[in-house]
Structures are given as structure tokens and as C-alpha cells.
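Q: Below you will find the structure I want to go over with you.
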Amino acid sequence: MGYRKFDLFIWVLSVLCLGWLCSGFYPADIYLIDCGSPANTSVGNRVYVADNLASKFLSTPKDVVANISLKSITSFDDSPLYQTARIFTESSKYTFSISQSGRHWIRLYFYPFVFGGYDLSKAKFSVSTQNHVLLGDFSVQNASVVKEFSVSVTSDSLVITFTPSKNSFAFLNAIEVVSVPAQLITEDALWRTESGKFQGLTSQALETSWRVNVGGPTVSFENDTLWRTWVPDQSFLVNENLAKDFSNIAAVDYDVGSALATKDIAPKIRFNIHEQNT
């Protein structure tokens, strides 16, 4: 049975690698886990490994998994991931081997539901790595939440720890740890301030707040080579009536091998602009 689980895990990784190769970027590290799920879960062209197949990554004092009917979940692209969850009553951690140092994405999926004596909307907890606190006294109320972070990993392992707050517990529906293309976030940045250039970005932990498709529609993760979702900008405009949308997708030319614009920076459909009337 142990050999069968190992073979299945390798097969899942092979499927994921084929998907990445089609996009032009091959991440050295890929971990996708559907927490609490008894079977692998497909979302688009991704396969999230069943919880029991990923048990070697988890260290937890108490084994608690929860589930809910898919009919109880509002329908959206990644809704299958929210059917199950793993509950942590004490400090617990995932340890992932890192084959290539550098920046990695950590995506954490949360959806609160009631299971037995656990009301996940009442959970309060912190999430941290060896070097950074990603979430502190965090809670999720009534809707699904995806928290995305980008951290620099310089050791041969990445440890993600879930620590319940006093008299509470933690939970998680799904987790991703994936290598980030080296050219996506550079070492320095230019700021229009007196201080000028800031250096040291690669050592910073970053959290994604919004990915906005200016002047365009929603771009789902299935249309992005790095599984990112881009939202329209209408809700961010102070006065939507003063803006006009323009698009020139045909003019976008990705230079193969270029260190500048590539499909991994942003998909073609994102390259729209706004004309702001004053």
C-alpha cells in the first residue's frame, strides 16, 4: 500500500509538470494539497493531492478532518477545495523540502463551515514560516478567502506553522507551495521619493493585496500561466463615468528569452489601459 501511494503521488506531480511545461515555466518545487480530502481534487488543469497522500509533510498532535456537502458552498471555480478542511487544535506544521532556493508562493485557502463541535468561523490563529509571521490572530467569517504570500527560501526546507490563539483552534482547506520565476520580483525597485532606489526586495516577505486588470475583465487562474486571478478595476474607480477603456492586445509581443515582458509577468488579456477624463 505504501508503494501505491508513492506511485500515485509521483503521477500527480507528473501531470502538474506537464501543465507547467505548456506554459513555458517549470517550477522546481510544486506542492498542492487538498486538506482533509480522501481523494485527489482537480481544479482546472491542477491536481491537488489527497490529504492522506500528503501526510508525510504534516506534523500535528491531533488528527482532525472536516467535510461539508458541495451543495452548501457557493459555486465558484475553486469550490471543490472548500468541501474539506483540516482542523488544528494545537500548534501544527507543514514541512516542505525545497530543491531550489529562491522565492516561493504560499497560497492558503480558507472557507468556514460548521462540522460537529467546530464552527470554523470562530477559529482564530496565526500562520508563520521560519522567518516571518504571515497571519496573526487571523479569522474568516462568512466567505472563502485565499491568502497569497511570496517568501524567499534560502534553506533546504520551508516550515509553515499554524498556531491557534488562546482557547481557539486553526483550520485550513488547501495549501500551495510553488516556486516563483526569478524574473518576477527583482532585487531593487525605483520609488519616486527623495530616497530613490530601494534594494533588498528578494529577502522580503510579500503579501498579495489585489491583482487588478486595468480596463479589462476578470482573468481566471486558468488563463494565467502562474495560476493567478486578476480582477476588474471598476470597483476601485472613484468615478467610473470619467474613465474609458482601451485595448490593444495584438500589439503585445513576448520576446522569447527576454528578461522583460513574458507571459509569466502577465497574460495578454491584461494589457489594457484607461483614459481618465478630467
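A note on labels: chains of the C-alpha cells are A, B, ... as shown, every chain counts residues from 1, and ligands are counted from 1 in their shown order.
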Name the residues in contact with segment 162-171 of chain A at a cut-off of 12 Å, using only C-alpha atoms, excluding same-chain residues fewer than 3 positions from it; report them as a JSON list (two decimals) with N, CA and C atoms, in the first residue's frame.
A:
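Done, and the output landed in around-v2.json:
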```json
[["chain", "number", "residue", "atom", "x", "y", "z"],
["A", 35, "CYS", "N", -6.53, 19.77, 1.85],
["A", 35, "CYS", "CA", -6.53, 19.36, 3.25],
["A", 35, "CYS", "C", -7.85, 18.68, 3.65],
["A", 36, "GLY", "N", -7.74, 17.52, 4.27],
["A", 36, "GLY", "CA", -8.90, 16.78, 4.73],
["A", 36, "GLY", "C", -9.57, 15.93, 3.67],
["A", 58, "LEU", "N", 3.02, 16.77, 7.16],
["A", 58, "LEU", "CA", 2.32, 17.38, 8.29],
["A", 58, "LEU", "C", 2.73, 16.76, 9.62],
["A", 59, "SER", "N", 2.93, 17.62, 10.59],
["A", 59, "SER", "CA", 3.17, 17.20, 11.97],
["A", 59, "SER", "C", 2.12, 17.87, 12.85],
["A", 60, "THR", "N", 1.22, 17.07, 13.42],
["A", 60, "THR", "CA", 0.14, 17.61, 14.24],
["A", 60, "THR", "C", -0.17, 16.65, 15.39],
["A", 62, "LYS", "N", -2.98, 16.12, 16.91],
["A", 62, "LYS", "CA", -4.31, 15.52, 16.84],
["A", 62, "LYS", "C", -4.81, 15.52, 15.41],
["A", 63, "ASP", "N", -5.31, 14.39, 14.97],
["A", 63, "ASP", "CA", -5.76, 14.26, 13.58],
["A", 63, "ASP", "C", -7.26, 14.55, 13.49],
["A", 64, "VAL", "N", -7.59, 15.77, 13.02],
["A", 64, "VAL", "CA", -9.00, 16.17, 12.89],
["A", 64, "VAL", "C", -9.26, 16.68, 11.48],
["A", 65, "VAL", "N", -10.13, 16.01, 10.75],
["A", 65, "VAL", "CA", -10.51, 16.47, 9.42],
["A", 65, "VAL", "C", -12.01, 16.71, 9.38],
["A", 66, "ALA", "N", -12.43, 17.65, 8.55],
["A", 66, "ALA", "CA", -13.84, 18.03, 8.47],
["A", 66, "ALA", "C", -14.28, 18.06, 7.03],
["A", 67, "ASN", "N", -15.61, 17.94, 6.83],
["A", 67, "ASN", "CA", -16.14, 17.99, 5.47],
["A", 67, "ASN", "C", -17.53, 18.58, 5.46],
["A", 82, "TYR", "N", -13.09, 23.60, -1.03],
["A", 82, "TYR", "CA", -13.67, 24.04, 0.22],
["A", 82, "TYR", "C", -14.62, 23.01, 0.84],
["A", 84, "THR", "N", -13.65, 20.21, 2.18],
["A", 84, "THR", "CA", -12.98, 19.57, 3.30],
["A", 84, "THR", "C", -12.00, 20.54, 3.95],
["A", 85, "ALA", "N", -11.60, 20.22, 5.16],
["A", 85, "ALA", "CA", -10.64, 21.06, 5.88],
["A", 85, "ALA", "C", -9.91, 20.21, 6.90],
["A", 86, "ARG", "N", -8.76, 20.67, 7.28],
["A", 86, "ARG", "CA", -8.03, 20.07, 8.40],
["A", 86, "ARG", "C", -8.08, 21.06, 9.55],
["A", 87, "ILE", "N", -8.39, 20.55, 10.75],
["A", 87, "ILE", "CA", -8.52, 21.39, 11.94],
["A", 87, "ILE", "C", -7.32, 21.13, 12.86],
["A", 88, "PHE", "N", -6.73, 22.21, 13.36],
["A", 88, "PHE", "CA", -5.58, 22.11, 14.24],
["A", 88, "PHE", "C", -5.97, 22.62, 15.63],
["A", 89, "THR", "N", -6.02, 21.73, 16.59],
["A", 89, "THR", "CA", -6.38, 22.13, 17.95],
["A", 89, "THR", "C", -5.17, 22.60, 18.74],
["A", 90, "GLU", "N", -3.97, 22.24, 18.26],
["A", 90, "GLU", "CA", -2.72, 22.69, 18.85],
["A", 90, "GLU", "C", -1.76, 23.09, 17.73],
["A", 91, "SER", "N", -0.64, 23.66, 18.11],
["A", 91, "SER", "CA", 0.33, 24.08, 17.11],
["A", 91, "SER", "C", 0.73, 22.91, 16.21],
["A", 92, "SER", "N", 0.65, 23.14, 14.89],
["A", 92, "SER", "CA", 0.93, 22.10, 13.90],
["A", 92, "SER", "C", 1.73, 22.72, 12.76],
["A", 93, "LYS", "N", 2.44, 21.89, 12.02],
["A", 93, "LYS", "CA", 3.28, 22.45, 10.96],
["A", 93, "LYS", "C", 3.38, 21.53, 9.75],
["A", 94, "TYR", "N", 3.50, 22.19, 8.58],
["A", 94, "TYR", "CA", 3.82, 21.52, 7.34],
["A", 94, "TYR", "C", 5.30, 21.79, 7.04],
["A", 95, "THR", "N", 6.03, 20.74, 6.67],
["A", 95, "THR", "CA", 7.44, 20.90, 6.31],
["A", 95, "THR", "C", 7.63, 20.41, 4.88],
["A", 108, "LEU", "N", -2.86, 29.99, 0.74],
["A", 108, "LEU", "CA", -3.64, 29.35, 1.79],
["A", 108, "LEU", "C", -5.13, 29.57, 1.52],
["A", 109, "TYR", "N", -5.90, 28.50, 1.48],
["A", 109, "TYR", "CA", -7.33, 28.56, 1.16],
["A", 109, "TYR", "C", -8.15, 28.33, 2.42],
["A", 110, "PHE", "N", -9.12, 29.22, 2.65],
["A", 110, "PHE", "CA", -9.96, 29.13, 3.84],
["A", 110, "PHE", "C", -11.44, 29.28, 3.47],
["A", 111, "TYR", "N", -12.26, 28.43, 4.04],
["A", 111, "TYR", "CA", -13.72, 28.58, 3.90],
["A", 111, "TYR", "C", -14.36, 28.05, 5.19],
["A", 112, "PRO", "N", -15.01, 28.92, 5.97],
["A", 112, "PRO", "CA", -15.56, 28.49, 7.26],
["A", 112, "PRO", "C", -16.91, 27.78, 7.13],
["A", 113, "PHE", "N", -17.01, 26.64, 7.77],
["A", 113, "PHE", "CA", -18.30, 25.93, 7.86],
["A", 113, "PHE", "C", -18.36, 25.23, 9.22],
["A", 114, "VAL", "N", -19.49, 24.68, 9.53],
["A", 114, "VAL", "CA", -19.67, 24.01, 10.83],
["A", 114, "VAL", "C", -19.53, 22.51, 10.64],
["A", 115, "PHE", "N", -18.70, 21.90, 11.48],
["A", 115, "PHE", "CA", -18.51, 20.46, 11.45],
["A", 115, "PHE", "C", -18.45, 19.96, 12.88],
["A", 117, "GLY", "N", -18.57, 19.82, 16.55],
["A", 117, "GLY", "CA", -18.47, 20.88, 17.53],
["A", 117, "GLY", "C", -17.58, 22.03, 17.11],
["A", 118, "TYR", "N", -17.15, 22.02, 15.84],
["A", 118, "TYR", "CA", -16.25, 23.06, 15.35],
["A", 118, "TYR", "C", -16.97, 24.01, 14.39],
["A", 119, "ASP", "N", -17.07, 25.27, 14.78],
["A", 119, "ASP", "CA", -17.57, 26.32, 13.91],
["A", 119, "ASP", "C", -16.34, 27.07, 13.40],
["A", 120, "LEU", "N", -15.97, 26.81, 12.13],
["A", 120, "LEU", "CA", -14.72, 27.33, 11.61],
["A", 120, "LEU", "C", -14.69, 28.86, 11.55],
["A", 121, "SER", "N", -15.85, 29.49, 11.55],
["A", 121, "SER", "CA", -15.89, 30.96, 11.56],
["A", 121, "SER", "C", -15.45, 31.52, 12.92],
["A", 122, "LYS", "N", -15.38, 30.66, 13.93],
["A", 122, "LYS", "CA", -14.95, 31.09, 15.27],
["A", 122, "LYS", "C", -13.46, 30.86, 15.48],
["A", 123, "ALA", "N", -12.80, 30.23, 14.53],
["A", 123, "ALA", "CA", -11.38, 29.93, 14.68],
["A", 123, "ALA", "C", -10.55, 31.22, 14.66],
["A", 124, "LYS", "N", -9.52, 31.26, 15.46],
["A", 124, "LYS", "CA", -8.59, 32.39, 15.47],
["A", 124, "LYS", "C", -7.17, 31.83, 15.65],
["A", 125, "PHE", "N", -6.26, 32.23, 14.77],
["A", 125, "PHE", "CA", -4.95, 31.59, 14.79],
["A", 125, "PHE", "C", -3.93, 32.43, 14.04],
["A", 126, "SER", "N", -2.68, 32.00, 14.15],
["A", 126, "SER", "CA", -1.57, 32.65, 13.44],
["A", 126, "SER", "C", -0.92, 31.64, 12.50],
["A", 127, "VAL", "N", -0.30, 32.16, 11.44],
["A", 127, "VAL", "CA", 0.44, 31.33, 10.50],
["A", 127, "VAL", "C", 1.81, 31.95, 10.31],
["A", 128, "SER", "N", 2.85, 31.13, 10.38],
["A", 128, "SER", "CA", 4.21, 31.66, 10.28],
["A", 128, "SER", "C", 5.13, 30.69, 9.55],
["A", 129, "THR", "N", 6.23, 31.23, 9.02],
["A", 129, "THR", "CA", 7.31, 30.42, 8.48],
["A", 129, "THR", "C", 8.49, 30.53, 9.46],
["A", 130, "GLN", "N", 9.64, 30.01, 9.08],
["A", 130, "GLN", "CA", 10.79, 30.10, 9.97],
["A", 130, "GLN", "C", 11.18, 31.55, 10.24],
["A", 133, "VAL", "N", 6.02, 36.06, 10.21],
["A", 133, "VAL", "CA", 4.64, 35.83, 10.61],
["A", 133, "VAL", "C", 3.76, 36.27, 9.45],
["A", 134, "LEU", "N", 3.05, 35.34, 8.85],
["A", 134, "LEU", "CA", 2.21, 35.65, 7.69],
["A", 134, "LEU", "C", 0.84, 36.16, 8.10],
["A", 135, "LEU", "N", 0.26, 35.55, 9.11],
["A", 135, "LEU", "CA", -1.06, 35.94, 9.61],
["A", 135, "LEU", "C", -1.04, 35.90, 11.14],
["A", 136, "GLY", "N", -1.60, 36.94, 11.77],
["A", 136, "GLY", "CA", -1.65, 37.00, 13.22],
["A", 136, "GLY", "C", -3.07, 37.17, 13.72],
["A", 137, "ASP", "N", -3.50, 36.32, 14.68],
["A", 137, "ASP", "CA", -4.88, 36.34, 15.19],
["A", 137, "ASP", "C", -5.87, 36.43, 14.04],
["A", 138, "PHE", "N", -5.69, 35.60, 13.08],
["A", 138, "PHE", "CA", -6.47, 35.60, 11.84],
["A", 138, "PHE", "C", -7.77, 34.83, 12.02],
["A", 139, "SER", "N", -8.83, 35.31, 11.37],
["A", 139, "SER", "CA", -10.11, 34.60, 11.38],
["A", 139, "SER", "C", -10.82, 34.84, 10.06],
["A", 140, "VAL", "N", -11.72, 33.93, 9.71],
["A", 140, "VAL", "CA", -12.51, 34.03, 8.48],
["A", 140, "VAL", "C", -13.98, 33.95, 8.87],
["A", 159, "VAL", "N", 9.07, 25.57, 6.44],
["A", 159, "VAL", "CA", 8.18, 25.13, 7.51],
["A", 159, "VAL", "C", 7.08, 26.16, 7.70],
["A", 174, "ALA", "N", -6.93, 24.19, 1.93],
["A", 174, "ALA", "CA", -5.96, 23.76, 0.92],
["A", 174, "ALA", "C", -4.72, 24.63, 1.04],
["A", 175, "ILE", "N", -3.61, 24.10, 0.55],
["A", 175, "ILE", "CA", -2.35, 24.83, 0.62],
["A", 175, "ILE", "C", -1.54, 24.58, -0.66]]
```
Q: Near Leu184 of chain A, counting only C-alpha atoms, which residues have an atom at most 8 Å away, once you skip same-chain residues fewer than 3 positions from it, shown as a PyMOL selection string?
A: chain A and resi 180-181+264-265
Q: For the selection you just gave me, I'd like the residues written to a file as a compact mmCIF listing (two decimals), in the first residue's frame, keeping N, CA, C and O atoms.
A:
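Wrote result18.txt, looks like this:
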```
# COMPACT_ATOMS: atom_id res chain seq x y z
N VAL A 180 8.56 30.54 -7.63
CA VAL A 180 8.23 31.75 -8.39
C VAL A 180 9.34 32.00 -9.42
O VAL A 180 10.52 31.86 -9.10
N PRO A 181 8.98 32.37 -10.65
CA PRO A 181 10.02 32.70 -11.65
C PRO A 181 10.95 33.79 -11.12
O PRO A 181 10.50 34.78 -10.54
N ASP A 264 4.66 35.11 -18.15
CA ASP A 264 4.64 34.93 -16.70
C ASP A 264 4.48 36.24 -15.95
O ASP A 264 4.06 36.26 -14.80
N ILE A 265 4.84 37.36 -16.59
CA ILE A 265 4.62 38.66 -15.96
C ILE A 265 3.14 38.96 -15.91
O ILE A 265 2.60 39.35 -14.87
```
Q: When DSSP is applied to the backbone of this structure, which of segment 7-243 of chain A are assigned strand (DSSP E or B)? Write them out as number ranges by chain.
A: A: 30-34, 41-43, 46-50, 58-59, 64-67, 84-88, 92-97, 102-110, 114-115, 118-119, 125-128, 133-138, 145-153, 157-164, 170-172, 174-179, 188-190, 197-199, 206-207, 212-213, 219, 230-232, 243
Q: Which residue out of A:Ser42, A:Thr161, A:Thr208, A:Ser155 has the minimum interatomic distance to Ser101 of chain A when only C-alpha atoms are used?
A: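 Checking each candidate against Ser101 of chain A, we get A:Ser155 as the closest.
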Q: Find, counting only C-alpha atoms, the residue in A:Leu158, A:Ile98, A:Leu226, A:Ala50 that gets nearest to Lys263 of chain A.
A: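 Answer, going by the shortest atom-to-atom distance: A:Leu226.
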Q: May I have all residues of segment 3-241 of chain A that DSSP, computed from the backbone, assigns to alpha helix (DSSP H), given as a list in words?
A: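 The residues of segment 3-241 of chain A classed as alpha helix (DSSP H) are Tyr3, Arg4, Lys5, Phe6, Asp7, Leu8, Phe9, Ile10, Trp11, Val12, Leu13, Ser14, Val15, Leu16, Cys17, Leu18, Gly19, Trp20, Leu21, Cys22 and Ser23 of chain A.
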Q: Between A:Gln141, A:Thr229, A:Asn131, A:Ser69, single out the one closest to Arg211 of chain A, counting only C-alpha atoms.
A: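 Among the listed residues, the smallest separation from Arg211 of chain A belongs to A:Thr229.
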Q: Kindly indicate which residue among A:Leu81, A:Val214, A:Ile73, A:Ala54 lies nearest to Asn173 of chain A, using only C-alpha atoms for the distances.
A: A:Leu81
Q: Enter the distance from atom CA of Thr186 of chain A to atom CA of Ser220 of chain A, in Å, rounded to one decimal.
A: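 Separation of atom CA of Thr186 of chain A and atom CA of Ser220 of chain A: 25.0 Å.
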Q: Atom CA of Asn223 of chain A and atom CA of Leu201 of chain A are how many Å apart?
A: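 Taking atom CA of Asn223 of chain A as the start and atom CA of Leu201 of chain A as the end point, the length is 27.4 Å.
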Q: Identify, on the basis of only C-alpha atoms, every residue whose closest approach to Ser97 of chain A does not exceed 12 Å; exclude the query and any residue fewer than 6 positions from it along the same chain; express the result as a list in words.
A: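 Residues meeting the cut-off are Ala28, Asp29, Ile30, Tyr31, Lys56, Phe57, Val153, Thr154, Ser155, Asp156, Ser157, Leu158, Val159, Ile160, Val177, Val178 and Ser179 of chain A.
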Q: Could you state the separation of atom CA of Pro267 of chain A and atom CA of Thr225 of chain A in Å, given to one decimal place?
A: 7.4 Å
Q: Using only C-alpha atoms, which of A:Trp105, A:Phe236, A:Trp227, A:Phe96 sits nearest Gly215 of chain A?
A: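 Of A:Trp105, A:Phe236, A:Trp227, A:Phe96, the one nearest Gly215 of chain A is A:Phe236, counting only C-alpha atoms.
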Q: Using only C-alpha atoms, which residues sit within 6 Å of Ile106 of chain A once same-chain residues fewer than 2 positions away are excluded, as a PDB file with N, CA, C and O atoms, in the first residue's frame?
A:
```pdb
ATOM      1  N   GLU A 148      -2.389  34.911  -0.266  1.00  0.00           N
ATOM      2  CA  GLU A 148      -1.219  34.585  -1.071  1.00  0.00           C
ATOM      3  C   GLU A 148      -0.011  35.374  -0.603  1.00  0.00           C
ATOM      4  O   GLU A 148      -0.074  36.597  -0.463  1.00  0.00           O
ATOM      5  N   PHE A 149       1.082  34.680  -0.381  1.00  0.00           N
ATOM      6  CA  PHE A 149       2.328  35.295   0.052  1.00  0.00           C
ATOM      7  C   PHE A 149       3.458  34.838  -0.860  1.00  0.00           C
ATOM      8  O   PHE A 149       3.402  33.766  -1.470  1.00  0.00           O
ATOM      9  N   GLU A 176      -0.857  25.635  -1.107  1.00  0.00           N
ATOM     10  CA  GLU A 176       0.053  25.540  -2.246  1.00  0.00           C
ATOM     11  C   GLU A 176       1.414  26.117  -1.841  1.00  0.00           C
ATOM     12  O   GLU A 176       1.479  27.151  -1.179  1.00  0.00           O
ATOM     13  N   VAL A 177       2.458  25.459  -2.258  1.00  0.00           N
ATOM     14  CA  VAL A 177       3.814  25.998  -2.187  1.00  0.00           C
ATOM     15  C   VAL A 177       4.439  25.758  -3.557  1.00  0.00           C
ATOM     16  O   VAL A 177       4.607  24.611  -3.967  1.00  0.00           O
TER      17      VAL A 177
END
```
